[in-house]
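Heads up, entry-v3.cif below (mmCIF, C-alpha atoms):
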data_entry
loop_
_atom_site.group_PDB
_atom_site.id
_atom_site.type_symbol
_atom_site.label_atom_id
_atom_site.label_comp_id
_atom_site.auth_asym_id
_atom_site.auth_seq_id
_atom_site.Cartn_x
_atom_site.Cartn_y
_atom_site.Cartn_z
ATOM 1 C CA MET A 1 102.316 72.579 51.028
ATOM 2 C CA THR A 2 99.905 69.938 49.658
ATOM 3 C CA ALA A 3 97.712 67.505 51.551
ATOM 4 C CA ARG A 4 100.036 64.737 50.462
ATOM 5 C CA ASP A 5 102.919 66.469 52.267
ATOM 6 C CA ASN A 6 100.954 66.247 55.602
ATOM 7 C CA VAL A 7 100.396 62.507 55.338
ATOM 8 C CA VAL A 8 102.691 60.525 57.596
ATOM 9 C CA GLY A 9 104.011 57.509 55.798
ATOM 10 C CA GLY A 10 103.911 53.988 57.203
ATOM 11 C CA ALA A 11 107.680 53.961 57.538
ATOM 12 C CA ASP A 12 107.574 57.113 59.695
ATOM 13 C CA LEU A 13 104.907 55.619 61.968
ATOM 14 C CA GLU A 14 106.887 52.457 62.343
ATOM 15 C CA ALA A 15 109.972 54.453 63.255
ATOM 16 C CA ALA A 16 107.984 56.444 65.850
ATOM 17 C CA ARG A 17 106.576 53.259 67.406
ATOM 18 C CA PHE A 18 110.066 51.782 67.587
ATOM 19 C CA LEU A 19 111.445 54.916 69.284
ATOM 20 C CA LEU A 20 108.609 55.017 71.851
ATOM 21 C CA ALA A 21 109.117 51.343 72.629
ATOM 22 C CA ARG A 22 112.824 51.936 73.204
ATOM 23 C CA MET A 23 111.973 54.835 75.581
ATOM 24 C CA GLY A 24 109.309 52.853 77.440
ATOM 25 C CA ILE A 25 106.537 55.352 76.581
ATOM 26 C CA THR A 26 103.030 54.284 75.604
ATOM 27 C CA PRO A 27 100.688 56.274 73.323
ATOM 28 C CA ALA A 28 98.304 56.700 76.288
ATOM 29 C CA GLN A 29 101.027 58.514 78.224
ATOM 30 C CA LEU A 30 101.505 60.931 75.347
ATOM 31 C CA LEU A 31 97.794 61.767 75.312
ATOM 32 C CA ALA A 32 97.535 62.256 79.098
ATOM 33 C CA GLU A 33 97.555 65.797 80.592
ATOM 34 C CA PRO A 34 100.945 66.812 81.981
ATOM 35 C CA SER A 35 100.960 66.577 85.748
ATOM 36 C CA THR A 36 102.461 69.223 88.021
ATOM 37 C CA PRO A 37 105.362 67.803 89.983
ATOM 38 C CA PRO A 38 104.499 67.557 93.667
ATOM 39 C CA SER A 39 106.006 70.210 95.929
ATOM 40 C CA THR A 40 108.881 68.980 98.006
ATOM 41 C CA ARG A 41 107.782 71.115 100.961
ATOM 42 C CA SER A 42 104.198 71.961 101.917
ATOM 43 C CA MET A 43 103.339 75.453 103.117
ATOM 44 C CA PRO A 44 102.574 75.372 106.876
ATOM 45 C CA THR A 45 99.717 77.160 108.564
ATOM 46 C CA PHE A 46 100.285 79.920 111.094
ATOM 47 C CA ALA A 47 99.369 77.578 113.958
ATOM 48 C CA GLU A 48 102.013 75.089 112.811
ATOM 49 C CA TYR A 49 104.767 77.568 112.024
ATOM 50 C CA ILE A 50 104.347 79.674 115.159
ATOM 51 C CA ASP A 51 105.025 76.549 117.226
ATOM 52 C CA ARG A 52 108.226 75.899 115.255
ATOM 53 C CA VAL A 53 109.559 79.455 115.486
ATOM 54 C CA SER A 54 108.600 79.852 119.146
ATOM 55 C CA GLY A 55 110.774 76.868 119.978
ATOM 56 C CA VAL A 56 113.968 78.347 118.505
ATOM 57 C CA VAL A 57 113.854 82.061 119.407
ATOM 58 C CA THR A 58 115.428 83.396 122.589
ATOM 59 C CA ALA A 59 113.449 83.557 125.812
ATOM 60 C CA GLY A 60 113.331 87.358 125.609
ATOM 61 C CA THR A 61 111.971 87.332 122.049
ATOM 62 C CA ARG A 62 109.398 84.722 122.998
ATOM 63 C CA ARG A 63 108.288 86.766 126.001
ATOM 64 C CA VAL A 64 107.730 89.897 123.859
ATOM 65 C CA TYR A 65 106.095 88.242 120.842
ATOM 66 C CA ASP A 66 104.148 85.401 122.452
ATOM 67 C CA THR A 67 101.051 87.535 123.132
ATOM 68 C CA TYR A 68 100.940 88.667 119.501
ATOM 69 C CA TRP A 69 101.626 85.213 118.083
ATOM 70 C CA LYS A 70 98.662 83.974 120.116
ATOM 71 C CA ARG A 71 96.528 86.668 118.500
ATOM 72 C CA VAL A 72 97.741 85.714 115.013
ATOM 73 C CA ARG A 73 97.047 82.054 115.807
ATOM 74 C CA HIS A 74 93.518 82.942 116.950
ATOM 75 C CA VAL A 75 92.731 84.992 113.821
ATOM 76 C CA TRP A 76 94.716 83.170 111.115
ATOM 77 C CA GLY A 77 95.638 79.846 112.719
ATOM 78 C CA ASP A 78 94.255 77.691 109.873
ATOM 79 C CA ARG A 79 95.574 79.894 107.063
ATOM 80 C CA ARG A 80 98.820 79.216 105.219
ATOM 81 C CA ILE A 81 101.557 81.662 106.073
ATOM 82 C CA ASP A 82 101.852 82.830 102.440
ATOM 83 C CA GLU A 83 98.178 83.861 102.206
ATOM 84 C CA PRO A 84 97.836 87.202 104.118
ATOM 85 C CA THR A 85 98.487 90.370 102.147
ATOM 86 C CA PRO A 86 100.115 93.568 103.464
ATOM 87 C CA LEU A 87 96.637 95.104 103.631
ATOM 88 C CA GLU A 88 95.379 92.289 105.871
ATOM 89 C CA ILE A 89 98.410 92.638 108.137
ATOM 90 C CA LYS A 90 97.786 96.386 108.390
ATOM 91 C CA GLN A 91 94.144 95.719 109.272
ATOM 92 C CA LEU A 92 95.149 93.245 111.986
ATOM 93 C CA ALA A 93 97.677 95.736 113.386
ATOM 94 C CA GLU A 94 95.017 98.460 113.546
ATOM 95 C CA GLN A 95 92.602 96.079 115.255
ATOM 96 C CA THR A 96 95.312 95.198 117.780
ATOM 97 C CA LYS A 97 95.934 98.896 118.360
ATOM 98 C CA ARG A 98 92.259 99.601 119.054
ATOM 99 C CA THR A 99 91.832 96.691 121.463
ATOM 100 C CA ALA A 100 95.080 97.191 123.412
ATOM 101 C CA VAL A 101 94.687 97.324 127.185
ATOM 102 C CA ALA A 102 94.768 100.944 128.400
ATOM 103 C CA ARG A 103 97.279 101.459 131.228
ATOM 104 C CA SER A 104 98.672 104.536 132.935
ATOM 105 C CA ASN A 105 101.637 104.545 130.531
ATOM 106 C CA SER A 106 99.583 103.626 127.450
ATOM 107 C CA ARG A 107 100.535 105.235 124.125
ATOM 108 C CA GLY A 108 97.212 104.651 122.394
ATOM 109 C CA GLY A 109 98.009 101.084 121.380
ATOM 110 C CA ARG A 110 100.971 102.094 119.203
ATOM 111 C CA THR A 111 103.329 99.681 120.937
ATOM 112 C CA ALA A 112 100.875 96.800 120.537
ATOM 113 C CA ALA A 113 100.575 97.450 116.791
ATOM 114 C CA GLU A 114 104.370 97.739 116.486
ATOM 115 C CA HIS A 115 104.941 94.429 118.279
ATOM 116 C CA LEU A 116 102.286 92.706 116.152
ATOM 117 C CA ILE A 117 104.064 93.740 112.950
ATOM 118 C CA SER A 118 107.475 92.852 114.404
ATOM 119 C CA SER A 119 106.249 89.412 115.466
ATOM 120 C CA LEU A 120 105.045 88.709 111.902
ATOM 121 C CA ARG A 121 108.318 89.978 110.423
ATOM 122 C CA CYS A 122 110.113 87.529 112.698
ATOM 123 C CA LEU A 123 107.959 84.641 111.457
ATOM 124 C CA TYR A 124 108.511 85.533 107.814
ATOM 125 C CA ARG A 125 112.287 85.882 108.276
ATOM 126 C CA TYR A 126 112.397 82.269 109.399
ATOM 127 C CA ALA A 127 110.080 81.291 106.536
ATOM 128 C CA ALA A 128 112.490 82.909 104.065
ATOM 129 C CA ALA A 129 115.438 81.147 105.695
ATOM 130 C CA ASP A 130 113.558 77.840 105.370
ATOM 131 C CA GLY A 131 112.953 78.464 101.679
ATOM 132 C CA LEU A 132 109.177 78.682 102.115
ATOM 133 C CA ILE A 133 109.007 82.197 100.675
ATOM 134 C CA ALA A 134 111.416 84.415 98.783
ATOM 135 C CA GLU A 135 113.273 87.149 100.650
ATOM 136 C CA GLY A 136 111.331 89.811 98.779
ATOM 137 C CA ASP A 137 107.948 88.179 99.448
ATOM 138 C CA ASN A 138 107.815 89.080 103.140
ATOM 139 C CA PRO A 139 104.478 90.938 103.343
ATOM 140 C CA ALA A 140 105.128 92.262 106.871
ATOM 141 C CA THR A 141 108.106 94.332 105.675
ATOM 142 C CA ARG A 142 105.742 96.250 103.378
ATOM 143 C CA VAL A 143 103.675 97.389 106.373
ATOM 144 C CA ALA A 144 105.041 100.458 108.146
ATOM 145 C CA LYS A 145 105.256 100.398 111.930
ATOM 146 C CA PRO A 146 103.505 103.203 113.858
ATOM 147 C CA ARG A 147 105.733 106.201 114.449
ATOM 148 C CA ARG A 148 107.114 106.188 117.975
ATOM 149 C CA LEU A 149 106.208 109.066 120.230
ATOM 150 C CA ALA A 150 108.752 110.824 122.435
ATOM 151 C CA SER A 151 109.507 108.893 125.608
ATOM 152 C CA THR A 152 107.747 109.950 128.791
ATOM 153 C CA ARG A 153 110.386 108.409 131.063
ATOM 154 C CA ARG A 154 112.069 110.783 133.452
ATOM 155 C CA ALA A 155 114.614 110.437 136.228
ATOM 156 C CA ILE A 156 113.178 109.971 139.727
ATOM 157 C CA PRO A 157 113.539 113.230 141.710
ATOM 158 C CA GLU A 158 116.139 113.066 144.473
ATOM 159 C CA ALA A 159 113.598 113.601 147.246
ATOM 160 C CA ARG A 160 111.338 110.830 145.975
ATOM 161 C CA LEU A 161 114.293 108.461 145.593
ATOM 162 C CA ALA A 162 115.272 109.123 149.206
ATOM 163 C CA GLU A 163 111.725 108.243 150.273
ATOM 164 C CA ILE A 164 111.842 104.968 148.324
ATOM 165 C CA ILE A 165 115.150 103.999 149.931
ATOM 166 C CA ALA A 166 113.890 104.859 153.394
ATOM 167 C CA VAL A 167 110.776 102.726 152.979
ATOM 168 C CA ALA A 168 112.788 99.794 151.582
ATOM 169 C CA GLN A 169 115.234 99.937 154.506
ATOM 170 C CA THR A 170 112.573 100.056 157.228
ATOM 171 C CA THR A 171 109.611 97.996 155.984
ATOM 172 C CA GLY A 172 108.859 94.735 154.219
ATOM 173 C CA ASN A 173 109.798 91.177 155.095
ATOM 174 C CA ASP A 174 113.457 91.518 154.007
ATOM 175 C CA PRO A 175 114.742 95.116 154.223
ATOM 176 C CA ASP A 176 118.388 94.071 153.804
ATOM 177 C CA LEU A 177 117.644 92.396 150.487
ATOM 178 C CA ASP A 178 115.469 95.223 149.183
ATOM 179 C CA SER A 179 117.934 97.986 150.077
ATOM 180 C CA LEU A 180 120.752 95.950 148.467
ATOM 181 C CA LEU A 181 118.717 95.590 145.274
ATOM 182 C CA LEU A 182 118.032 99.311 145.122
ATOM 183 C CA ARG A 183 121.663 100.221 145.655
ATOM 184 C CA LEU A 184 122.797 97.720 143.020
ATOM 185 C CA HIS A 185 120.500 99.234 140.409
ATOM 186 C CA MET A 186 121.336 102.807 141.397
ATOM 187 C CA GLU A 187 125.085 102.294 141.007
ATOM 188 C CA THR A 188 125.125 100.035 137.950
ATOM 189 C CA ALA A 189 121.889 100.990 136.131
ATOM 190 C CA CYS A 190 121.592 97.289 135.357
ATOM 191 C CA ARG A 191 118.405 95.651 134.165
ATOM 192 C CA ARG A 192 116.406 93.321 136.354
ATOM 193 C CA GLY A 193 117.730 90.347 134.397
ATOM 194 C CA GLY A 194 121.293 91.455 135.054
ATOM 195 C CA ALA A 195 120.721 91.460 138.810
ATOM 196 C CA LEU A 196 119.006 88.059 138.763
ATOM 197 C CA ALA A 197 121.871 86.561 136.738
ATOM 198 C CA LEU A 198 124.552 87.858 139.130
ATOM 199 C CA ARG A 199 126.831 85.152 140.617
ATOM 200 C CA PRO A 200 129.563 85.265 143.273
ATOM 201 C CA ARG A 201 132.140 84.661 140.547
ATOM 202 C CA ASP A 202 130.996 87.916 138.884
ATOM 203 C CA LEU A 203 132.360 90.006 141.761
ATOM 204 C CA ASP A 204 135.894 91.375 141.354
ATOM 205 C CA SER A 205 136.564 92.716 144.848
ATOM 206 C CA ALA A 206 140.142 93.773 144.047
ATOM 207 C CA GLN A 207 139.025 96.239 141.350
ATOM 208 C CA CYS A 208 135.452 96.818 142.622
ATOM 209 C CA LEU A 209 133.935 95.533 139.389
ATOM 210 C CA VAL A 210 130.695 93.636 138.827
ATOM 211 C CA ARG A 211 130.197 91.519 135.706
ATOM 212 C CA LEU A 212 126.671 91.954 134.359
ATOM 213 C CA ARG A 213 125.042 89.621 131.818
ATOM 214 C CA GLU A 214 121.983 91.299 130.388
ATOM 215 C CA LYS A 215 119.607 91.579 127.456
ATOM 216 C CA GLY A 216 120.851 90.450 124.078
ATOM 217 C CA GLU A 217 123.579 88.299 125.671
ATOM 218 C CA THR A 218 125.611 91.410 126.419
ATOM 219 C CA VAL A 219 128.313 91.171 129.082
ATOM 220 C CA ARG A 220 129.934 94.179 130.727
ATOM 221 C CA TRP A 221 132.113 94.920 133.737
ATOM 222 C CA GLN A 222 130.637 97.764 135.777
ATOM 223 C CA PRO A 223 132.549 99.695 138.483
ATOM 224 C CA VAL A 224 130.806 99.889 141.874
ATOM 225 C CA SER A 225 131.621 101.538 145.179
ATOM 226 C CA PRO A 226 133.629 99.665 147.833
ATOM 227 C CA THR A 227 130.570 99.877 150.095
ATOM 228 C CA LEU A 228 128.338 98.076 147.597
ATOM 229 C CA MET A 229 131.028 95.492 146.909
ATOM 230 C CA ARG A 230 131.297 94.701 150.634
ATOM 231 C CA GLN A 231 127.522 94.381 150.891
ATOM 232 C CA LEU A 232 127.377 91.999 147.926
ATOM 233 C CA LEU A 233 130.201 89.858 149.301
ATOM 234 C CA ARG A 234 128.615 89.707 152.760
ATOM 235 C CA HIS A 235 125.256 88.820 151.224
ATOM 236 C CA GLY A 236 126.873 85.927 149.348
ATOM 237 C CA GLU A 237 128.656 84.668 152.467
ATOM 238 C CA GLU A 238 125.527 84.763 154.625
ATOM 239 C CA ARG A 239 122.955 83.440 152.137
ATOM 240 C CA GLY A 240 124.884 81.702 149.370
ATOM 241 C CA THR A 241 125.484 78.019 148.728
ATOM 242 C CA GLY A 242 129.255 78.298 148.585
ATOM 243 C CA ASP A 243 129.275 77.555 144.851
ATOM 244 C CA PRO A 244 130.578 80.608 142.927
ATOM 245 C CA ARG A 245 128.460 79.578 139.912
ATOM 246 C CA ASP A 246 125.135 79.799 141.761
ATOM 247 C CA GLN A 247 122.854 82.835 141.830
ATOM 248 C CA LEU A 248 124.056 85.497 144.264
ATOM 249 C CA LEU A 249 120.884 87.282 145.396
ATOM 250 C CA ARG A 250 118.844 85.091 147.738
ATOM 251 C CA TYR A 251 116.234 85.134 150.479
ATOM 252 C CA ARG A 252 117.134 84.439 154.103
ATOM 253 C CA ASN A 253 116.223 80.772 153.686
ATOM 254 C CA GLY A 254 118.727 80.428 150.852
ATOM 255 C CA ARG A 255 116.235 80.326 147.980
ATOM 256 C CA PRO A 256 117.282 82.446 144.961
ATOM 257 C CA ILE A 257 115.082 85.443 144.283
ATOM 258 C CA THR A 258 113.043 85.719 141.085
ATOM 259 C CA ALA A 259 111.359 88.539 139.191
ATOM 260 C CA ARG A 260 108.500 88.289 141.684
ATOM 261 C CA ARG A 261 110.692 90.032 144.255
ATOM 262 C CA TYR A 262 110.591 93.149 142.108
ATOM 263 C CA ASP A 263 106.804 92.936 141.953
ATOM 264 C CA TYR A 264 106.752 92.800 145.756
ATOM 265 C CA LEU A 265 109.235 95.635 146.107
#

Full structure transcribed into structure tokens:
Amino acid sequence: MTARDNVVGGADLEAARFLLARMGITPAQLLAEPSTPPSTRSMPTFAEYIDRVSGVVTAGTRRVYDTYWKRVRHVWGDRRIDEPTPLEIKQLAEQTKRTAVARSNSRGGRTAAEHLISSLRCLYRYAAADGLIAEGDNPATRVAKPRRLASTRRAIPEARLAEIIAVAQTTGNDPDLDSLLLRLHMETACRRGGALALRPRDLDSAQCLVRLREKGETVRWQPVSPTLMRQLLRHGEERGTGDPRDQLLRYRNGRPITARRYDYL
């Protein structure tokens, strides 16, 4: 190829100018650096995204993870959610494990580390659903949870259970309520939330069944003894509002009990 072959003729230049004019493009625009198109969605910080996720999860999830989200907010609040690496998450989990409050049933902080990782996995699942990160870019899933130790829970010995019932029936400011609570949990093995959610309309006296609404929005009909059914019905008649949709378990003054009653008991 000769130098003459590389020379652009005047006719070619004129044709190029005509084409650019038709397209509305100036020579200055051709010489400018290409710009990166702006992102349609900015990456939120942990402080921002925790507030969003906390507002849509269930009350139970929020109760379990809130402590750990507060910790993440304190440590990484100003960081974008796509910044931490699996190694950083592992380091934060180990720090959480070491600083966990030691209680009589403590497992060396393992549960705290597990909940910290689970709380971050929850955040990143919502981030993936929102299109902020890809499904495979969840760094918390690449961090293994601590291995769970064997449970230390055991059944209460019969003699000790009899002592508990005797104390509940003879002491306190509302023995009738406390003994009814104990019997309800003994016969149904329901959770605390199931007892607090119990309503008069959940009692099937004809078949001696109690409808329990518990964790995870589970609903089950549980058989109970005729004695317990009579006690529940009498309790509702004496302390209830008359509305079958209202809470069943109440104090003498008609106020519904809360989880604080269990703390007292």

* Polymer residues at most 8 Å from Arg220 of chain A, only C-alpha atoms, same-chain spacing of 3 or more positions, as a ChimeraX atom specification -> /A:211-213

* To do: Report the distance between atom CA of Ala134 of chain A and atom CA of Tyr49 of chain A in Å, rounded to one decimal place.
  => 16.3 Å

* To do: For segment 225-227 of chain A, list every protein, DNA or RNA residue within 12 Å, evaluated using all atoms listed in the file, and leave out those in the same chain fewer than 6 positions away; present the list as a ChimeraX atom specification.
  => /A:180,183-184,186-188,203-210,233-234

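The protein and nucleic acid residues lying at most 10 Å from Pro146 of chain A are Ala93, Glu94, Lys97, Gly109, Arg110, Thr111, Ala112, Ala113, Glu114, His115, Ile117, Val143 and Leu149 of chain A, with all atoms listed in the file considered and sequence neighbours fewer than 3 positions away removed.
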
* List the neighbours of segment 235-250 of chain A out to 10 Å using only C-alpha atoms; skip same-chain residues closer than 6 positions along the sequence, and give me the result as an MDAnalysis selection string. => chainID A and resid 176:177 180:181 195:203 229 256:258

Once the PyMOL selection byres ((chain A and resi 43-46) around 10) is applied to the coordinates I shared, what remains selected? I want it as a PDB file with C-alpha atoms, in the coordinates of the input.
ATOM      1  CA  SER A  39     106.006  70.210  95.929  1.00  0.00           C
ATOM      2  CA  THR A  40     108.881  68.980  98.006  1.00  0.00           C
ATOM      3  CA  ARG A  41     107.782  71.115 100.961  1.00  0.00           C
ATOM      4  CA  SER A  42     104.198  71.961 101.917  1.00  0.00           C
ATOM      5  CA  ALA A  47      99.369  77.578 113.958  1.00  0.00           C
ATOM      6  CA  GLU A  48     102.013  75.089 112.811  1.00  0.00           C
ATOM      7  CA  TYR A  49     104.767  77.568 112.024  1.00  0.00           C
ATOM      8  CA  ILE A  50     104.347  79.674 115.159  1.00  0.00           C
ATOM      9  CA  ASP A  51     105.025  76.549 117.226  1.00  0.00           C
ATOM     10  CA  ARG A  52     108.226  75.899 115.255  1.00  0.00           C
ATOM     11  CA  TRP A  69     101.626  85.213 118.083  1.00  0.00           C
ATOM     12  CA  VAL A  72      97.741  85.714 115.013  1.00  0.00           C
ATOM     13  CA  ARG A  73      97.047  82.054 115.807  1.00  0.00           C
ATOM     14  CA  HIS A  74      93.518  82.942 116.950  1.00  0.00           C
ATOM     15  CA  VAL A  75      92.731  84.992 113.821  1.00  0.00           C
ATOM     16  CA  TRP A  76      94.716  83.170 111.115  1.00  0.00           C
ATOM     17  CA  GLY A  77      95.638  79.846 112.719  1.00  0.00           C
ATOM     18  CA  ASP A  78      94.255  77.691 109.873  1.00  0.00           C
ATOM     19  CA  ARG A  79      95.574  79.894 107.063  1.00  0.00           C
ATOM     20  CA  ARG A  80      98.820  79.216 105.219  1.00  0.00           C
ATOM     21  CA  ILE A  81     101.557  81.662 106.073  1.00  0.00           C
ATOM     22  CA  ASP A  82     101.852  82.830 102.440  1.00  0.00           C
ATOM     23  CA  GLU A  83      98.178  83.861 102.206  1.00  0.00           C
ATOM     24  CA  LEU A 123     107.959  84.641 111.457  1.00  0.00           C
ATOM     25  CA  ALA A 127     110.080  81.291 106.536  1.00  0.00           C
ATOM     26  CA  LEU A 132     109.177  78.682 102.115  1.00  0.00           C
ATOM     27  CA  ILE A 133     109.007  82.197 100.675  1.00  0.00           C
TER      28      ILE A 133
END

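Taking all atoms listed in the file, the non-local environment of Pro86 of chain A within 8 Å (same-chain residues fewer than 6 positions away omitted) comprises Pro139, Ala140, Arg142 and Val143 of chain A.
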
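Nearest residue to Asp66 of chain A, choosing from A:Cys122, A:Glu214, A:Thr141, A:Glu158 and counting all atoms listed in the file: A:Cys122.
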
* Distance in Å - atom CA of Gly136 of chain A versus atom CA of Ser54 of chain A -> 22.8 Å

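Reported to one decimal place, the separation of atom CA of Thr152 of chain A from atom CA of Ala259 of chain A is 24.1 Å.
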
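Considering the residues A:Ile156, A:Leu120, A:Leu161, A:Val64 and counting all atoms listed in the file, Asn138 of chain A has its shortest atom-to-atom contact with A:Leu120.
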
* In the coordinate frame of the file, compute which residues have an atom within 7 Å of (113.2, 94.0, 148.6) when using only C-alpha atoms, and state them as a PyMOL selection string. => chain A and resi 168+174-175+177-179+181+261+265

Quick one: segment 166-242 of chain A from the block, C-alpha atoms, as a JSON list (two decimals), in the first residue's frame.
[["chain", "number", "residue", "atom", "x", "y", "z"],
["A", 166, "ALA", "CA", -47.52, -26.43, 93.26],
["A", 167, "VAL", "CA", -45.77, -23.07, 93.52],
["A", 168, "ALA", "CA", -47.78, -21.63, 90.61],
["A", 169, "GLN", "CA", -51.07, -22.77, 92.18],
["A", 170, "THR", "CA", -50.36, -21.35, 95.64],
["A", 171, "THR", "CA", -48.28, -18.19, 95.15],
["A", 172, "GLY", "CA", -48.12, -15.12, 92.94],
["A", 173, "ASN", "CA", -50.70, -12.45, 92.23],
["A", 174, "ASP", "CA", -52.82, -14.64, 89.91],
["A", 175, "PRO", "CA", -52.48, -18.37, 90.66],
["A", 176, "ASP", "CA", -55.48, -19.31, 88.50],
["A", 177, "LEU", "CA", -53.91, -17.73, 85.44],
["A", 178, "ASP", "CA", -50.45, -19.18, 86.06],
["A", 179, "SER", "CA", -51.69, -22.73, 86.67],
["A", 180, "LEU", "CA", -53.85, -22.49, 83.51],
["A", 181, "LEU", "CA", -50.83, -21.39, 81.48],
["A", 182, "LEU", "CA", -48.74, -24.28, 82.77],
["A", 183, "ARG", "CA", -51.43, -26.83, 82.02],
["A", 184, "LEU", "CA", -51.97, -25.42, 78.53],
["A", 185, "HIS", "CA", -48.29, -25.77, 77.68],
["A", 186, "MET", "CA", -48.00, -29.21, 79.28],
["A", 187, "GLU", "CA", -50.88, -30.65, 77.26],
["A", 188, "THR", "CA", -50.28, -28.94, 73.92],
["A", 189, "ALA", "CA", -46.50, -28.28, 73.96],
["A", 190, "CYS", "CA", -47.36, -24.99, 72.29],
["A", 191, "ARG", "CA", -44.97, -22.07, 72.06],
["A", 192, "ARG", "CA", -45.47, -18.91, 74.05],
["A", 193, "GLY", "CA", -46.69, -17.13, 70.92],
["A", 194, "GLY", "CA", -49.31, -19.82, 70.38],
["A", 195, "ALA", "CA", -50.76, -19.27, 73.84],
["A", 196, "LEU", "CA", -50.78, -15.48, 73.47],
["A", 197, "ALA", "CA", -52.55, -15.75, 70.10],
["A", 198, "LEU", "CA", -55.29, -18.04, 71.46],
["A", 199, "ARG", "CA", -58.87, -16.73, 70.99],
["A", 200, "PRO", "CA", -62.25, -17.99, 72.20],
["A", 201, "ARG", "CA", -63.10, -18.95, 68.62],
["A", 202, "ASP", "CA", -60.08, -21.31, 68.65],
["A", 203, "LEU", "CA", -61.74, -23.59, 71.20],
["A", 204, "ASP", "CA", -63.70, -26.56, 69.83],
["A", 205, "SER", "CA", -65.44, -27.81, 72.98],
["A", 206, "ALA", "CA", -67.35, -30.56, 71.15],
["A", 207, "GLN", "CA", -64.15, -32.32, 70.03],
["A", 208, "CYS", "CA", -61.83, -30.96, 72.76],
["A", 209, "LEU", "CA", -59.55, -29.32, 70.20],
["A", 210, "VAL", "CA", -57.54, -26.11, 70.46],
["A", 211, "ARG", "CA", -56.43, -24.25, 67.33],
["A", 212, "LEU", "CA", -52.88, -22.97, 67.74],
["A", 213, "ARG", "CA", -51.28, -20.32, 65.50],
["A", 214, "GLU", "CA", -47.55, -20.36, 66.03],
["A", 215, "LYS", "CA", -44.14, -19.62, 64.56],
["A", 216, "GLY", "CA", -43.84, -19.50, 60.80],
["A", 217, "GLU", "CA", -47.59, -18.89, 60.40],
["A", 218, "THR", "CA", -48.29, -22.53, 61.17],
["A", 219, "VAL", "CA", -51.79, -23.48, 62.29],
["A", 220, "ARG", "CA", -52.66, -26.77, 63.96],
["A", 221, "TRP", "CA", -55.55, -28.28, 65.89],
["A", 222, "GLN", "CA", -54.31, -29.87, 69.12],
["A", 223, "PRO", "CA", -56.37, -32.30, 71.25],
["A", 224, "VAL", "CA", -56.66, -31.36, 74.94],
["A", 225, "SER", "CA", -58.29, -32.96, 77.96],
["A", 226, "PRO", "CA", -61.92, -32.15, 78.86],
["A", 227, "THR", "CA", -60.63, -30.65, 82.11],
["A", 228, "LEU", "CA", -58.38, -28.16, 80.32],
["A", 229, "MET", "CA", -61.12, -27.31, 77.85],
["A", 230, "ARG", "CA", -63.52, -26.50, 80.71],
["A", 231, "GLN", "CA", -60.89, -24.32, 82.37],
["A", 232, "LEU", "CA", -60.23, -22.40, 79.15],
["A", 233, "LEU", "CA", -63.94, -21.86, 78.53],
["A", 234, "ARG", "CA", -64.53, -20.69, 82.11],
["A", 235, "HIS", "CA", -61.54, -18.36, 81.88],
["A", 236, "GLY", "CA", -62.99, -16.80, 78.73],
["A", 237, "GLU", "CA", -66.43, -16.38, 80.31],
["A", 238, "GLU", "CA", -65.08, -14.75, 83.47],
["A", 239, "ARG", "CA", -62.38, -12.50, 81.97],
["A", 240, "GLY", "CA", -63.16, -12.15, 78.27],
["A", 241, "THR", "CA", -64.77, -9.31, 76.35],
["A", 242, "GLY", "CA", -67.47, -11.44, 74.78]]
